[in-house]
>>> print(open('coords_27.csv').read())   # CSV, N, CA and C atoms
chain,number,residue,atom,x,y,z
S,1,MET,N,-23.9,14.8,13.6
S,1,MET,CA,-24.4,14.0,12.6
S,1,MET,C,-23.2,13.4,11.7
S,2,ARG,N,-22.3,14.3,11.4
S,2,ARG,CA,-21.2,13.9,10.5
S,2,ARG,C,-20.3,12.9,11.2
S,3,LYS,N,-20.1,13.0,12.5
S,3,LYS,CA,-19.3,12.0,13.3
S,3,LYS,C,-20.0,10.7,13.3
S,4,ALA,N,-21.3,10.7,13.4
S,4,ALA,CA,-22.1,9.4,13.4
S,4,ALA,C,-21.9,8.7,12.1
S,5,VAL,N,-21.9,9.4,11.0
S,5,VAL,CA,-21.7,8.8,9.6
S,5,VAL,C,-20.3,8.3,9.5
S,6,ALA,N,-19.3,9.0,10.0
S,6,ALA,CA,-17.9,8.5,10.0
S,6,ALA,C,-17.8,7.3,10.8
S,7,GLU,N,-18.4,7.3,12.0
S,7,GLU,CA,-18.3,6.1,12.8
S,7,GLU,C,-19.0,4.9,12.1
S,8,GLU,N,-20.1,5.1,11.5
S,8,GLU,CA,-20.7,4.0,10.8
S,8,GLU,C,-19.9,3.5,9.6
S,9,LEU,N,-19.2,4.3,8.9
S,9,LEU,CA,-18.2,3.9,7.9
S,9,LEU,C,-17.1,3.1,8.4
S,10,VAL,N,-16.6,3.5,9.6
S,10,VAL,CA,-15.5,2.7,10.2
S,10,VAL,C,-16.0,1.3,10.6
S,11,ASP,N,-17.2,1.3,11.2
S,11,ASP,CA,-17.8,0.0,11.6
S,11,ASP,C,-18.0,-0.9,10.4
S,12,GLU,N,-18.6,-0.4,9.3
S,12,GLU,CA,-18.8,-1.2,8.1
S,12,GLU,C,-17.4,-1.7,7.5
S,13,SER,N,-16.4,-0.8,7.5
S,13,SER,CA,-15.1,-1.2,7.0
S,13,SER,C,-14.5,-2.3,7.8
S,14,LEU,N,-14.5,-2.1,9.1
S,14,LEU,CA,-13.9,-3.1,10.0
S,14,LEU,C,-14.7,-4.5,9.9
S,15,ARG,N,-16.0,-4.4,9.9
S,15,ARG,CA,-16.8,-5.6,9.7
S,15,ARG,C,-16.5,-6.3,8.4
S,16,ALA,N,-16.3,-5.5,7.3
S,16,ALA,CA,-16.1,-6.1,6.0
S,16,ALA,C,-14.7,-6.8,6.0
S,17,VAL,N,-13.7,-6.2,6.6
S,17,VAL,CA,-12.4,-6.8,6.5
S,17,VAL,C,-12.2,-7.9,7.6
S,18,ALA,N,-13.1,-8.1,8.5
S,18,ALA,CA,-13.0,-9.1,9.5
S,18,ALA,C,-13.1,-10.5,8.9
S,19,ASP,N,-13.7,-10.6,7.7
S,19,ASP,CA,-13.9,-11.9,7.1
S,19,ASP,C,-12.7,-12.2,6.2
S,20,PRO,N,-12.1,-13.4,6.4
S,20,PRO,CA,-10.9,-13.7,5.6
S,20,PRO,C,-11.1,-13.8,4.1
S,21,THR,N,-12.3,-14.2,3.6
S,21,THR,CA,-12.5,-14.3,2.2
S,21,THR,C,-12.5,-12.8,1.6
S,22,ARG,N,-13.1,-11.9,2.3
S,22,ARG,CA,-13.2,-10.5,1.8
S,22,ARG,C,-11.8,-9.9,1.8
S,23,ARG,N,-11.0,-10.3,2.8
S,23,ARG,CA,-9.6,-9.8,2.8
S,23,ARG,C,-8.8,-10.3,1.6
S,24,ALA,N,-9.1,-11.6,1.3
S,24,ALA,CA,-8.4,-12.2,0.1
S,24,ALA,C,-8.9,-11.5,-1.2
S,25,ILE,N,-10.2,-11.2,-1.2
S,25,ILE,CA,-10.7,-10.5,-2.4
S,25,ILE,C,-10.0,-9.1,-2.5
S,26,LEU,N,-9.9,-8.4,-1.4
S,26,LEU,CA,-9.2,-7.1,-1.5
S,26,LEU,C,-7.8,-7.2,-2.0
S,27,ARG,N,-7.1,-8.3,-1.6
S,27,ARG,CA,-5.7,-8.5,-2.1
S,27,ARG,C,-5.7,-8.7,-3.6
S,28,LEU,N,-6.7,-9.4,-4.1
S,28,LEU,CA,-6.8,-9.7,-5.5
S,28,LEU,C,-7.0,-8.4,-6.3
S,29,VAL,N,-7.8,-7.5,-5.8
S,29,VAL,CA,-8.2,-6.3,-6.6
S,29,VAL,C,-7.3,-5.1,-6.2
S,30,ARG,N,-6.4,-5.3,-5.4
S,30,ARG,CA,-5.5,-4.2,-4.9
S,30,ARG,C,-4.8,-3.6,-6.0
S,31,ASP,N,-4.3,-4.3,-7.0
S,31,ASP,CA,-3.4,-3.8,-8.0
S,31,ASP,C,-4.1,-3.5,-9.3
S,32,GLY,N,-5.4,-3.8,-9.4
S,32,GLY,CA,-6.1,-3.6,-10.7
S,32,GLY,C,-7.5,-4.1,-10.7
S,33,GLU,N,-8.2,-3.8,-11.7
S,33,GLU,CA,-9.6,-4.3,-11.8
S,33,GLU,C,-9.7,-5.8,-12.2
S,34,LEU,N,-10.7,-6.4,-11.7
S,34,LEU,CA,-10.9,-7.8,-12.0
S,34,LEU,C,-12.4,-8.0,-12.2
S,35,PRO,N,-12.9,-8.8,-13.2
S,35,PRO,CA,-14.3,-9.1,-13.2
S,35,PRO,C,-14.7,-10.0,-12.1
S,36,ALA,N,-16.0,-10.0,-11.8
S,36,ALA,CA,-16.5,-10.8,-10.7
S,36,ALA,C,-16.2,-12.3,-11.0
S,37,GLY,N,-16.4,-12.8,-12.2
S,37,GLY,CA,-16.1,-14.2,-12.5
S,37,GLY,C,-14.7,-14.6,-12.3
S,38,GLU,N,-13.7,-13.7,-12.6
S,38,GLU,CA,-12.3,-14.0,-12.3
S,38,GLU,C,-12.0,-14.1,-10.8
S,39,ILE,N,-12.7,-13.2,-10.1
S,39,ILE,CA,-12.5,-13.2,-8.6
S,39,ILE,C,-13.1,-14.5,-8.1
S,40,ALA,N,-14.3,-14.9,-8.6
S,40,ALA,CA,-14.9,-16.1,-8.1
S,40,ALA,C,-14.0,-17.4,-8.4
S,41,ARG,N,-13.3,-17.4,-9.5
S,41,ARG,CA,-12.5,-18.5,-9.8
S,41,ARG,C,-11.4,-18.7,-8.8
S,42,HIS,N,-11.0,-17.7,-8.0
S,42,HIS,CA,-10.0,-17.9,-7.0
S,42,HIS,C,-10.5,-18.6,-5.7
S,43,PHE,N,-11.8,-18.8,-5.7
S,43,PHE,CA,-12.5,-19.4,-4.5
S,43,PHE,C,-13.4,-20.6,-5.0
S,44,PRO,N,-12.7,-21.7,-5.4
S,44,PRO,CA,-13.5,-22.8,-5.9
S,44,PRO,C,-14.5,-23.4,-4.9
S,45,SER,N,-14.2,-23.3,-3.6
S,45,SER,CA,-15.0,-23.9,-2.6
S,45,SER,C,-16.2,-23.0,-2.2
S,46,ILE,N,-16.3,-21.9,-2.8
S,46,ILE,CA,-17.4,-20.9,-2.5
S,46,ILE,C,-18.3,-20.7,-3.8
S,47,SER,N,-19.6,-20.7,-3.6
S,47,SER,CA,-20.4,-20.5,-4.8
S,47,SER,C,-20.3,-19.1,-5.3
S,48,ARG,N,-20.6,-18.9,-6.6
S,48,ARG,CA,-20.6,-17.6,-7.2
S,48,ARG,C,-21.5,-16.6,-6.5
S,49,PRO,N,-22.7,-17.0,-6.1
S,49,PRO,CA,-23.6,-16.1,-5.4
S,49,PRO,C,-23.0,-15.7,-4.1
S,50,ALA,N,-22.2,-16.6,-3.4
S,50,ALA,CA,-21.6,-16.2,-2.1
S,50,ALA,C,-20.5,-15.2,-2.4
S,51,VAL,N,-19.7,-15.4,-3.4
S,51,VAL,CA,-18.7,-14.4,-3.8
S,51,VAL,C,-19.3,-13.1,-4.1
S,52,SER,N,-20.4,-13.1,-4.9
S,52,SER,CA,-21.1,-11.9,-5.2
S,52,SER,C,-21.6,-11.1,-3.9
S,53,GLN,N,-22.0,-11.9,-2.9
S,53,GLN,CA,-22.4,-11.3,-1.6
S,53,GLN,C,-21.2,-10.7,-0.9
S,54,HIS,N,-20.1,-11.3,-1.0
S,54,HIS,CA,-18.9,-10.7,-0.4
S,54,HIS,C,-18.5,-9.4,-1.1
S,55,LEU,N,-18.6,-9.4,-2.4
S,55,LEU,CA,-18.3,-8.2,-3.2
S,55,LEU,C,-19.3,-7.1,-2.9
S,56,ARG,N,-20.6,-7.5,-2.6
S,56,ARG,CA,-21.5,-6.4,-2.3
S,56,ARG,C,-21.2,-5.8,-0.9
S,57,VAL,N,-20.8,-6.7,0.0
S,57,VAL,CA,-20.4,-6.2,1.4
S,57,VAL,C,-19.3,-5.2,1.2
S,58,LEU,N,-18.3,-5.6,0.4
S,58,LEU,CA,-17.1,-4.7,0.2
S,58,LEU,C,-17.5,-3.4,-0.4
S,59,SER,N,-18.4,-3.5,-1.4
S,59,SER,CA,-18.8,-2.3,-2.1
S,59,SER,C,-19.6,-1.4,-1.2
S,60,ASP,N,-20.5,-2.0,-0.4
S,60,ASP,CA,-21.4,-1.2,0.5
S,60,ASP,C,-20.5,-0.5,1.6
S,61,ALA,N,-19.4,-1.1,1.9
S,61,ALA,CA,-18.5,-0.6,2.9
S,61,ALA,C,-17.5,0.5,2.3
S,62,GLY,N,-17.6,0.6,1.0
S,62,GLY,CA,-16.8,1.6,0.3
S,62,GLY,C,-15.3,1.1,0.1
S,63,LEU,N,-15.1,-0.2,0.2
S,63,LEU,CA,-13.8,-0.7,0.0
S,63,LEU,C,-13.4,-1.1,-1.4
S,64,VAL,N,-14.4,-1.3,-2.2
S,64,VAL,CA,-14.2,-1.6,-3.6
S,64,VAL,C,-15.1,-0.7,-4.5
S,65,ALA,N,-14.6,-0.4,-5.7
S,65,ALA,CA,-15.3,0.4,-6.6
S,65,ALA,C,-15.8,-0.6,-7.7
S,66,VAL,N,-17.0,-0.4,-8.2
S,66,VAL,CA,-17.6,-1.3,-9.2
S,66,VAL,C,-17.8,-0.5,-10.5
S,67,ARG,N,-17.3,-1.1,-11.6
S,67,ARG,CA,-17.5,-0.4,-12.9
S,67,ARG,C,-18.1,-1.4,-13.9
S,68,PRO,N,-19.3,-1.0,-14.4
S,68,PRO,CA,-19.9,-1.9,-15.4
S,68,PRO,C,-19.1,-1.9,-16.7
S,69,ASP,N,-18.9,-3.0,-17.3
S,69,ASP,CA,-18.2,-3.2,-18.6
S,69,ASP,C,-19.0,-4.2,-19.4
S,70,GLY,N,-20.0,-3.7,-20.2
S,70,GLY,CA,-20.9,-4.6,-20.9
S,70,GLY,C,-21.7,-5.3,-19.9
S,71,ASN,N,-21.6,-6.7,-20.1
S,71,ASN,CA,-22.4,-7.5,-19.1
S,71,ASN,C,-21.6,-7.9,-17.9
S,72,ARG,N,-20.4,-7.4,-17.8
S,72,ARG,CA,-19.5,-7.7,-16.7
S,72,ARG,C,-19.5,-6.6,-15.7
S,73,ARG,N,-19.1,-6.9,-14.5
S,73,ARG,CA,-18.8,-5.9,-13.5
S,73,ARG,C,-17.4,-6.0,-13.0
S,74,LEU,N,-16.6,-4.9,-13.1
S,74,LEU,CA,-15.2,-4.9,-12.7
S,74,LEU,C,-15.1,-4.3,-11.4
S,75,TYR,N,-14.3,-4.9,-10.6
S,75,TYR,CA,-14.0,-4.5,-9.2
S,75,TYR,C,-12.6,-4.1,-9.0
S,76,ARG,N,-12.4,-3.0,-8.3
S,76,ARG,CA,-11.0,-2.6,-7.9
S,76,ARG,C,-11.1,-2.1,-6.5
S,77,TRP,N,-9.9,-2.1,-5.8
S,77,TRP,CA,-9.8,-1.6,-4.4
S,77,TRP,C,-9.8,-0.1,-4.4
S,78,ARG,N,-10.6,0.4,-3.4
S,78,ARG,CA,-10.6,1.9,-3.2
S,78,ARG,C,-9.7,2.1,-2.0
S,79,ARG,N,-8.5,2.6,-2.2
S,79,ARG,CA,-7.6,2.9,-1.2
S,79,ARG,C,-8.2,3.8,-0.1
S,80,GLU,N,-9.0,4.8,-0.5
S,80,GLU,CA,-9.6,5.7,0.5
S,80,GLU,C,-10.6,5.0,1.3
S,81,GLY,N,-11.1,3.9,0.9
S,81,GLY,CA,-12.1,3.1,1.7
S,81,GLY,C,-11.7,2.7,3.1
S,82,LEU,N,-10.4,2.5,3.3
S,82,LEU,CA,-9.9,2.1,4.6
S,82,LEU,C,-9.3,3.3,5.4
S,83,ARG,N,-9.4,4.5,4.8
S,83,ARG,CA,-8.8,5.6,5.5
S,83,ARG,C,-9.3,5.9,6.9
S,84,ASP,N,-10.6,5.9,7.0
S,84,ASP,CA,-11.2,6.2,8.3
S,84,ASP,C,-10.9,5.0,9.3
S,85,ALA,N,-11.0,3.8,8.8
S,85,ALA,CA,-10.7,2.7,9.7
S,85,ALA,C,-9.2,2.7,10.1
S,86,ALA,N,-8.3,3.0,9.2
S,86,ALA,CA,-6.9,3.1,9.5
S,86,ALA,C,-6.7,4.2,10.5
S,87,ALA,N,-7.3,5.3,10.4
S,87,ALA,CA,-7.2,6.4,11.3
S,87,ALA,C,-7.7,6.0,12.7
S,88,PHE,N,-8.7,5.3,12.8
S,88,PHE,CA,-9.3,4.8,14.0
S,88,PHE,C,-8.2,3.9,14.7
S,89,VAL,N,-7.7,2.9,14.0
S,89,VAL,CA,-6.7,2.0,14.5
S,89,VAL,C,-5.4,2.8,15.0
S,90,GLU,N,-5.0,3.7,14.2
S,90,GLU,CA,-3.8,4.6,14.5
S,90,GLU,C,-4.1,5.3,15.8
S,91,ASP,N,-5.3,5.9,15.9
S,91,ASP,CA,-5.6,6.7,17.1
S,91,ASP,C,-5.6,5.8,18.3
S,92,MET,N,-6.1,4.6,18.2
S,92,MET,CA,-6.2,3.7,19.3
S,92,MET,C,-4.8,3.3,19.7
S,93,TRP,N,-3.9,3.0,18.8
S,93,TRP,CA,-2.6,2.5,19.1
S,93,TRP,C,-1.6,3.6,19.4
S,94,SER,N,-1.7,4.8,18.8
S,94,SER,CA,-0.7,5.8,19.0
S,94,SER,C,-0.5,6.2,20.4
S,95,ASP,N,-1.6,6.3,21.1
S,95,ASP,CA,-1.6,6.7,22.5
S,95,ASP,C,-0.9,5.6,23.3
S,96,ARG,N,-1.3,4.3,23.1
S,96,ARG,CA,-0.7,3.2,23.8
S,96,ARG,C,0.8,3.1,23.5
S,97,LEU,N,1.2,3.3,22.2
S,97,LEU,CA,2.6,3.2,21.9
S,97,LEU,C,3.4,4.3,22.5
S,98,GLU,N,2.8,5.5,22.6
S,98,GLU,CA,3.5,6.6,23.2
S,98,GLU,C,3.7,6.3,24.7
S,99,ARG,N,2.7,5.7,25.4
S,99,ARG,CA,2.9,5.4,26.8
S,99,ARG,C,3.9,4.3,27.0
S,100,LEU,N,4.0,3.3,26.0
S,100,LEU,CA,4.9,2.2,26.1
S,100,LEU,C,6.3,2.8,25.9
S,101,ARG,N,6.5,3.7,25.0
S,101,ARG,CA,7.8,4.3,24.7
S,101,ARG,C,8.3,5.1,26.0
S,102,GLY,N,7.3,5.8,26.6
S,102,GLY,CA,7.7,6.6,27.8
S,102,GLY,C,8.1,5.6,28.9
S,103,ALA,N,7.4,4.5,29.1
S,103,ALA,CA,7.8,3.6,30.1
S,103,ALA,C,9.1,2.9,29.8
S,104,ALA,N,9.4,2.6,28.6
S,104,ALA,CA,10.7,2.0,28.2
S,104,ALA,C,11.8,3.0,28.4
S,105,GLU,N,11.6,4.3,28.1
S,105,GLU,CA,12.6,5.3,28.3
S,105,GLU,C,12.8,5.5,29.8
S,106,ARG,N,11.8,5.4,30.6
S,106,ARG,CA,12.0,5.6,32.1
S,106,ARG,C,12.8,4.4,32.6
S,107,GLU,N,12.6,3.2,32.1
S,107,GLU,CA,13.4,2.1,32.5
S,107,GLU,C,14.8,2.1,32.0
S,108,GLU,N,15.0,2.6,30.8
S,108,GLU,CA,16.3,2.6,30.2
S,108,GLU,C,17.2,3.7,30.8
S,109,TRP,N,16.6,4.9,31.1
S,109,TRP,CA,17.4,6.0,31.6
S,109,TRP,C,18.2,5.6,32.9
S,110,PRO,N,17.6,5.0,33.9
S,110,PRO,CA,18.4,4.7,35.1
S,110,PRO,C,19.5,3.7,34.8
S,111,ALA,N,19.2,2.8,33.8
S,111,ALA,CA,20.2,1.8,33.4
S,111,ALA,C,21.4,2.5,32.8
S,112,ARG,N,21.1,3.5,31.9
S,112,ARG,CA,22.2,4.3,31.2
S,112,ARG,C,23.0,5.1,32.3
S,113,ALA,N,22.2,5.7,33.2
S,113,ALA,CA,22.9,6.5,34.2
S,113,ALA,C,23.8,5.6,35.1
S,114,ARG,N,23.4,4.4,35.5
S,114,ARG,CA,24.2,3.5,36.2
S,114,ARG,C,25.4,3.1,35.4
S,115,ALA,N,25.2,2.8,34.2
S,115,ALA,CA,26.3,2.3,33.3
S,115,ALA,C,27.3,3.5,33.1
S,116,GLY,N,26.8,4.7,33.0
S,116,GLY,CA,27.7,5.8,32.9
S,116,GLY,C,28.5,6.0,34.1
S,117,ARG,N,27.9,5.9,35.3
S,117,ARG,CA,28.7,6.0,36.5
S,117,ARG,C,29.7,4.9,36.7
S,118,ARG,N,29.4,3.7,36.3
S,118,ARG,CA,30.3,2.6,36.3
S,118,ARG,C,31.5,2.9,35.5
S,119,SER,N,31.3,3.3,34.2
S,119,SER,CA,32.4,3.5,33.3
S,119,SER,C,33.2,4.7,33.7
S,120,SER,N,32.6,5.7,34.4
S,120,SER,CA,33.4,6.9,34.8
S,120,SER,C,34.3,6.5,36.0
S,121,THR,N,33.8,5.6,36.8
S,121,THR,CA,34.6,5.2,38.0
S,121,THR,C,35.8,4.2,37.5
S,122,ARG,N,35.6,3.5,36.5
S,122,ARG,CA,36.6,2.6,35.9
S,122,ARG,C,37.8,3.5,35.3
S,123,GLU,N,37.4,4.6,34.7
S,123,GLU,CA,38.4,5.4,34.1
S,123,GLU,C,39.3,6.0,35.1
S,124,VAL,N,38.9,6.2,36.3
S,124,VAL,CA,39.7,6.8,37.3
S,124,VAL,C,40.7,5.7,37.8
S,125,GLY,N,41.9,6.0,37.6
S,125,GLY,CA,42.9,4.9,38.0
S,125,GLY,C,44.0,5.5,38.8
S,126,PRO,N,45.0,4.6,39.1
S,126,PRO,CA,46.1,5.1,40.0
S,126,PRO,C,47.1,6.0,39.2
>>> encode(input="coords_27.csv", output="structure tokens")
Amino acid sequence: MRKAVAEELVDESLRAVADPTRRAILRLVRDGELPAGEIARHFPSISRPAVSQHLRVLSDAGLVAVRPDGNRRLYRWRREGLRDAAAFVEDMWSDRLERLRGAAEREEWPARARAGRRSSTREVGP
């Protein structure tokens, strides 16, 4: 059951950051809190309700924290929100990168050995 919940969080996080507007919002709130109105001002071609919907998706995915401040809502990035998604990506790539490194080393080693043999035969002289 716990694994299913973790998988669902990864899915939500990845779906949320798949949208370029939501990624831009995350960049805006990465270093501090911003009210929804200030966030919306950065997207003049998008309606405020649409920006609010983007904020809701980010909040539901656990990527932003929301703090009420009077009649405003302040949003900030939750670093831990991407932890599971980052672990998933790392897991997917680490195996592939390890195999790539092994293949590169296998290709490089014979070349080094040949180069070593060439230089040792050059050193032998009359």
>>> atom_distance(input="coords_27.csv", atom1="CA of Glu33 in chain S", atom2="atom C of Arg76 in chain S")
5.9 Å
>>> atom_distance(input="coords_27.csv", atom1="CA of Tyr75 in chain S", atom2="atom C of Arg48 in chain S")
14.5 Å
>>> atom_distance(input="coords_27.csv", atom1="CA of Glu80 in chain S", atom2="CA of Val10 in chain S")
11.7 Å
>>> select_by_dssp(input="coords_27.csv", residues="range 3-124 of chain S", states="strand (DSSP E)", output="list in words")
Leu34, Pro35, Val64, Ala65, Val66, Arg67, Pro68, Asp69, Arg72, Arg73, Leu74, Tyr75, Arg76 and Trp77 of chain S
